[in-house]
$ cat final.txt   # compact mmCIF, C-alpha atoms and all ligand atoms
# COMPACT_ATOMS: atom_id res chain seq x y z
CA MET A 1 18.53 58.91 -7.58
CA LYS A 2 18.74 55.39 -6.10
CA PRO A 3 22.02 54.20 -4.56
CA ALA A 4 24.49 52.44 -6.85
CA THR A 5 23.72 49.14 -5.11
CA GLU A 6 20.23 49.07 -6.66
CA ALA A 7 19.63 48.01 -10.26
CA LEU A 8 16.57 48.21 -12.48
CA ILE A 9 16.06 45.19 -14.72
CA VAL A 10 13.61 45.67 -17.58
CA ILE A 11 12.42 42.31 -18.88
CA ASP A 12 11.53 41.64 -22.54
CA VAL A 13 9.72 44.85 -23.54
CA GLN A 14 9.70 43.69 -27.17
CA ASN A 15 7.26 44.08 -30.05
CA ASP A 16 6.16 40.43 -29.98
CA PHE A 17 4.97 40.78 -26.37
CA CYS A 18 3.02 43.97 -27.09
CA PRO A 19 -0.38 44.26 -28.78
CA GLY A 20 -0.07 43.20 -32.43
CA GLY A 21 2.88 40.93 -31.66
CA ALA A 22 3.20 37.16 -32.06
CA LEU A 23 2.82 36.46 -28.32
CA ALA A 24 1.00 39.62 -27.32
CA VAL A 25 0.52 40.25 -23.61
CA SER A 26 -2.68 42.17 -22.92
CA GLY A 27 -1.78 45.80 -22.17
CA GLY A 28 1.92 45.07 -22.65
CA ASP A 29 2.59 48.50 -24.10
CA GLU A 30 0.81 50.34 -21.24
CA ILE A 31 3.77 49.92 -18.92
CA ILE A 32 6.39 51.53 -21.12
CA SER A 33 6.00 55.18 -20.14
CA ARG A 34 6.32 54.31 -16.45
CA ILE A 35 9.43 52.19 -17.17
CA ASN A 36 10.97 55.05 -19.15
CA GLY A 37 10.53 57.28 -16.12
CA LEU A 38 11.95 54.70 -13.71
CA MET A 39 15.15 54.30 -15.71
CA ALA A 40 16.16 57.86 -14.86
CA GLU A 41 16.23 56.94 -11.14
CA TYR A 42 18.74 54.08 -11.35
CA GLN A 43 22.49 54.13 -11.90
CA THR A 44 22.44 50.56 -13.15
CA VAL A 45 19.85 49.72 -15.80
CA VAL A 46 19.76 46.37 -17.60
CA LEU A 47 17.38 45.39 -20.39
CA THR A 48 16.67 41.83 -21.46
CA GLN A 49 15.70 40.62 -24.91
CA ASP A 50 14.15 37.24 -25.66
CA TRP A 51 16.22 36.10 -28.67
CA HIS A 52 15.32 32.77 -30.24
CA PRO A 53 16.61 31.01 -33.37
CA ALA A 54 13.79 30.04 -35.80
CA ASN A 55 14.26 26.36 -34.90
CA HIS A 56 13.81 27.01 -31.17
CA SER A 57 12.41 24.06 -29.22
CA SER A 58 9.89 26.26 -27.34
CA PHE A 59 7.97 26.96 -30.58
CA ALA A 60 4.88 24.80 -31.19
CA ASP A 61 5.65 24.96 -34.93
CA ASN A 62 8.80 22.94 -34.34
CA HIS A 63 6.81 20.05 -32.79
CA PRO A 64 4.60 18.57 -35.54
CA GLY A 65 1.01 18.19 -34.36
CA ALA A 66 1.48 20.23 -31.19
CA GLU A 67 -0.84 23.14 -30.38
CA PRO A 68 0.46 26.48 -29.16
CA PHE A 69 0.10 26.82 -25.36
CA SER A 70 0.26 23.02 -24.83
CA MET A 71 2.89 21.49 -22.56
CA ILE A 72 5.70 19.07 -23.33
CA GLU A 73 8.34 17.40 -21.22
CA MET A 74 11.88 18.52 -22.02
CA PRO A 75 15.10 17.03 -20.59
CA TYR A 76 15.16 19.99 -18.16
CA GLY A 77 11.46 19.73 -17.15
CA PRO A 78 8.01 20.81 -18.37
CA GLN A 79 7.91 23.43 -21.10
CA VAL A 80 5.04 25.46 -22.58
CA LEU A 81 5.00 25.41 -26.39
CA TRP A 82 4.60 28.99 -27.55
CA PRO A 83 3.69 30.55 -30.87
CA ALA A 84 6.93 31.46 -32.64
CA HIS A 85 8.10 34.78 -31.19
CA CYS A 86 11.18 36.99 -30.79
CA VAL A 87 13.04 35.34 -33.65
CA GLN A 88 16.59 36.69 -33.84
CA GLY A 89 16.80 39.68 -36.16
CA SER A 90 13.03 39.95 -36.71
CA GLU A 91 10.97 43.08 -36.08
CA GLY A 92 9.08 41.18 -33.37
CA ALA A 93 12.32 40.66 -31.44
CA GLU A 94 13.16 44.37 -31.40
CA LEU A 95 12.73 46.29 -28.19
CA HIS A 96 9.50 48.30 -28.43
CA TRP A 97 10.22 51.52 -30.28
CA THR A 98 8.85 53.66 -27.44
CA LEU A 99 11.10 52.05 -24.82
CA ARG A 100 14.04 54.26 -23.95
CA THR A 101 17.23 52.27 -24.41
CA ASP A 102 19.83 55.03 -23.93
CA PRO A 103 19.84 54.77 -20.10
CA ALA A 104 20.68 51.03 -20.19
CA GLN A 105 24.29 49.91 -19.81
CA LEU A 106 23.66 46.26 -20.69
CA ILE A 107 21.23 44.33 -22.87
CA VAL A 108 21.10 40.63 -22.01
CA ARG A 109 19.93 38.32 -24.79
CA LYS A 110 18.53 34.98 -23.69
CA GLY A 111 16.91 31.90 -25.18
CA PHE A 112 19.42 31.82 -28.03
CA ARG A 113 20.11 28.07 -27.82
CA ALA A 114 17.65 26.00 -29.87
CA GLU A 115 17.49 23.15 -27.38
CA ILE A 116 16.63 25.11 -24.23
CA ASP A 117 14.34 27.98 -23.29
CA SER A 118 15.37 30.77 -20.95
CA TYR A 119 12.65 32.71 -19.15
CA SER A 120 14.92 34.06 -16.45
CA ALA A 121 17.46 36.83 -16.98
CA PHE A 122 19.87 34.83 -14.79
CA PHE A 123 19.61 31.15 -15.79
CA GLU A 124 18.22 29.12 -18.64
CA ASN A 125 15.24 26.87 -17.88
CA ASP A 126 17.51 24.07 -16.61
CA HIS A 127 18.14 26.52 -13.68
CA VAL A 128 21.91 25.95 -13.96
CA THR A 129 23.18 27.44 -17.23
CA PRO A 130 23.98 31.09 -16.40
CA THR A 131 23.40 34.08 -18.67
CA GLY A 132 26.23 36.02 -17.01
CA LEU A 133 23.95 38.65 -15.47
CA GLU A 134 24.74 37.60 -11.90
CA GLY A 135 28.46 38.26 -12.42
CA TYR A 136 27.77 41.57 -14.14
CA LEU A 137 25.61 42.83 -11.27
CA ARG A 138 27.93 41.59 -8.52
CA SER A 139 31.01 43.06 -10.15
CA ARG A 140 29.19 46.41 -10.25
CA GLY A 141 28.39 46.12 -6.53
CA VAL A 142 24.65 45.60 -6.98
CA THR A 143 22.85 43.94 -4.05
CA SER A 144 19.22 44.68 -4.81
CA VAL A 145 17.20 44.52 -8.01
CA THR A 146 13.86 45.93 -9.07
CA LEU A 147 12.12 44.07 -11.88
CA VAL A 148 9.58 45.37 -14.40
CA GLY A 149 8.47 44.30 -17.88
CA LEU A 150 6.90 41.29 -19.57
CA ALA A 151 5.52 38.91 -18.69
CA THR A 152 4.79 38.99 -14.93
CA ASP A 153 4.15 35.25 -14.67
CA TYR A 154 6.96 33.99 -16.91
CA CYS A 155 10.13 35.95 -17.53
CA VAL A 156 9.63 38.49 -14.72
CA ALA A 157 8.72 35.83 -12.13
CA PHE A 158 11.48 33.42 -13.16
CA SER A 159 14.00 36.27 -12.98
CA ALA A 160 12.71 37.38 -9.58
CA LEU A 161 12.87 33.85 -8.14
CA ASP A 162 16.41 33.33 -9.41
CA ALA A 163 17.53 36.72 -8.11
CA ALA A 164 16.11 35.88 -4.67
CA ARG A 165 17.81 32.46 -4.71
CA LEU A 166 21.10 34.20 -5.55
CA GLY A 167 20.72 36.42 -2.50
CA PHE A 168 19.70 39.72 -4.08
CA ALA A 169 16.97 41.75 -2.41
CA VAL A 170 14.17 41.67 -5.00
CA THR A 171 11.22 43.93 -5.72
CA VAL A 172 8.71 43.44 -8.54
CA LEU A 173 6.71 46.56 -9.43
CA GLU A 174 3.57 44.78 -10.54
CA GLY A 175 2.03 47.93 -11.99
CA ALA A 176 4.93 48.04 -14.44
CA THR A 177 4.38 44.44 -15.55
CA ARG A 178 1.62 42.62 -17.47
CA ALA A 179 0.85 38.88 -17.37
CA ILE A 180 0.12 36.13 -19.88
CA ASP A 181 -1.96 34.27 -17.21
CA LEU A 182 -2.10 30.80 -18.75
CA ASN A 183 -4.07 28.28 -16.62
CA GLY A 184 -3.58 30.15 -13.34
CA SER A 185 0.07 30.94 -13.99
CA LEU A 186 -0.22 34.46 -12.55
CA ASP A 187 -1.55 33.34 -9.15
CA GLU A 188 1.04 30.57 -9.02
CA ALA A 189 3.86 32.96 -9.87
CA ARG A 190 2.72 35.50 -7.27
CA ASP A 191 2.53 32.80 -4.57
CA LYS A 192 6.02 31.55 -5.42
CA MET A 193 7.47 35.06 -5.45
CA ARG A 194 5.91 35.93 -2.09
CA ALA A 195 7.16 32.64 -0.59
CA ALA A 196 10.67 33.43 -1.85
CA GLY A 197 10.65 36.81 -0.12
CA VAL A 198 10.17 38.90 -3.26
CA ALA A 199 8.50 42.25 -2.46
CA LEU A 200 5.47 42.70 -4.71
CA GLU A 201 4.71 46.41 -4.97
CA GLU A 202 2.42 48.43 -7.17
C1 LIG B 1 8.27 35.03 -22.28
C2 LIG B 1 7.10 33.19 -22.93
C3 LIG B 1 8.06 32.86 -23.84
C4 LIG B 1 8.35 36.23 -21.39
C5 LIG B 1 9.27 34.72 -23.17
O1 LIG B 1 9.06 37.19 -21.73
O2 LIG B 1 7.67 36.22 -20.34
N1 LIG B 1 7.20 34.25 -22.15
N2 LIG B 1 9.16 33.63 -23.96
ZN ZN B 2 10.52 33.20 -25.52

$ encode --input "final.txt" --output "structure tokens" --more "lines below"
Ligand code: VGL
Ligand code: ZN
Amino acid sequence: MKPATEALIVIDVQNDFCPGGALAVSGGDEIISRINGLMAEYQTVVLTQDWHPANHSSFADNHPGAEPFSMIEMPYGPQVLWPAHCVQGSEGAELHWTLRTDPAQLIVRKGFRAEIDSYSAFFENDHVTPTGLEGYLRSRGVTSVTLVGLATDYCVAFSALDAARLGFAVTVLEGATRAIDLNGSLDEARDKMRAAGVALEE
């Protein structure tokens, strides 16, 4: 068992990010059995759930003429336009049915405001609007976090970078993540995480 100061954060292991889903990450479901095993080792386990309204501004469908996976400029910076995914209450938004959820004490929903996306478990994409996770972890005495889940180069990386900026010791278990890898996004994310002092382990 890990000390109580270490938390496991399981990012967005949802149907839409697994094969057959609306924004399927290649091999997304292959990581679940390892994650289920890891949860038993941690006293603090947090799950996150991407949770968008149907009119969410990150969906290409909500920008007439825009192609999925194109970029737009939002008031808070550049934003990828995604296929509609993880719509609140839909089957695609549910945590994958093989993911154990009993060991988790908290499920953080993010991306629920139509006008702003939220990749990170800690802050929305403006990098200032908090989700509340920092306060939860600190009030439970957590000082280090281990991140797993989907996708390595978006929600896992953004969460890892924010956690490092907040002063947590951060490890990403890359073997328990899978990437979208859009236009070199995986290499870029790995470089940024390494530069921020995030430990990338298998
Ligand atoms: C994610 C793109 C859009 C993720 C969420 O979980 O990495 N990626 N929404
Ligand atoms: Zn999303």

$ residues_near_ligand --input "final.txt" --ligand "ligand ZN 2 (chain B)" --cutoff "8 Å" --atoms "only C-alpha atoms and all ligand atoms" --output "PDB file with C-alpha atoms, in the frame of the given file"
ATOM      1  CA  ASP A  50      14.150  37.240 -25.660  1.00  0.00           C
ATOM      2  CA  TRP A  51      16.220  36.100 -28.670  1.00  0.00           C
ATOM      3  CA  HIS A  52      15.320  32.770 -30.240  1.00  0.00           C
ATOM      4  CA  SER A  58       9.890  26.260 -27.340  1.00  0.00           C
ATOM      5  CA  TRP A  82       4.600  28.990 -27.550  1.00  0.00           C
ATOM      6  CA  HIS A  85       8.100  34.780 -31.190  1.00  0.00           C
ATOM      7  CA  CYS A  86      11.180  36.990 -30.790  1.00  0.00           C
ATOM      8  CA  GLY A 111      16.910  31.900 -25.180  1.00  0.00           C
ATOM      9  CA  ASP A 117      14.340  27.980 -23.290  1.00  0.00           C
ATOM     10  CA  SER A 118      15.370  30.770 -20.950  1.00  0.00           C
ATOM     11  CA  TYR A 119      12.650  32.710 -19.150  1.00  0.00           C
TER      12      TYR A 119
END

$ residues_near_ligand --input "final.txt" --ligand "ligand LIG 1 (chain B)" --cutoff "7 Å" --atoms "only C-alpha atoms and all ligand atoms" --output "ChimeraX atom specification"
/A:11-12,50,82,119,150-156

$ atom_distance --input "final.txt" --atom1 "atom CA of Gly65 of chain A" --atom2 "atom CA of Pro83 of chain A"
13.1 Å

$ closest_residue --input "final.txt" --among "A:Thr44, A:Leu81, A:Leu99, A:Gly141" --to "Pro64 of chain A" --atoms "all atoms listed in the file"
A:Leu81

$ closest_residue --input "final.txt" --among "A:Ala40, A:Ile107, A:Met71, A:Ala157" --to "Arg194 of chain A" --atoms "all atoms listed in the file"
A:Ala157

$ axis_aligned_box --input "final.txt" --around "segment 134-151 of chain A" --padding-each-side "5 Å" --output "JSON"
{"center_x": 18.3, "center_y": 42.0, "center_z": -11.8, "size_x": 35.5, "size_y": 18.8, "size_z": 25.5}

$ closest_residue --input "final.txt" --among "A:Asp187, A:Asp126, A:Asp102, A:Glu41" --to "Tyr76 of chain A" --atoms "all atoms listed in the file"
A:Asp126

$ residues_around --input "final.txt" --residues "Gly28 of chain A" --least-positions-apart "3" --cutoff "12 Å" --atoms "all atoms listed in the file" --output "NGL selection string"
:A and (11-21 or 23-25 or 31-35 or 96 or 99 or 148-152 or 175-180)

$ closest_residue --input "final.txt" --among "A:Ala121, A:Lys192, A:Gly37, A:Val45" --to "Ala104 of chain A" --atoms "only C-alpha atoms"
A:Val45

$ closest_residue --input "final.txt" --among "A:Glu174, A:Glu134, A:Asp191, A:Asp181" --to "Thr146 of chain A" --atoms "only C-alpha atoms"
A:Glu174

$ closest_residue --input "final.txt" --among "A:Gln43, A:Gln79, A:Asn55, A:Asn62" --to "Arg113 of chain A" --atoms "all atoms listed in the file"
A:Asn55

$ atom_distance --input "final.txt" --atom1 "atom CA of Leu173 of chain A" --atom2 "atom CA of Leu147 of chain A"
6.4 Å

$ residues_near_point --input "final.txt" --point "(20.4, 35.5, -20.7)" --cutoff "6 Å" --atoms "all atoms listed in the file" --output "ChimeraX atom specification"
/A:108-110,121-122,131

$ atom_distance --input "final.txt" --atom1 "atom CA of Phe112 of chain A" --atom2 "atom CA of Ala54 of chain A"
9.8 Å

$ residues_around --input "final.txt" --residues "Leu133 of chain A" --least-positions-apart "3" --cutoff "10 Å" --atoms "all atoms listed in the file" --output "PyMOL selection string"
chain A and resi 46+48+106-108+121-123+130+136-139+163
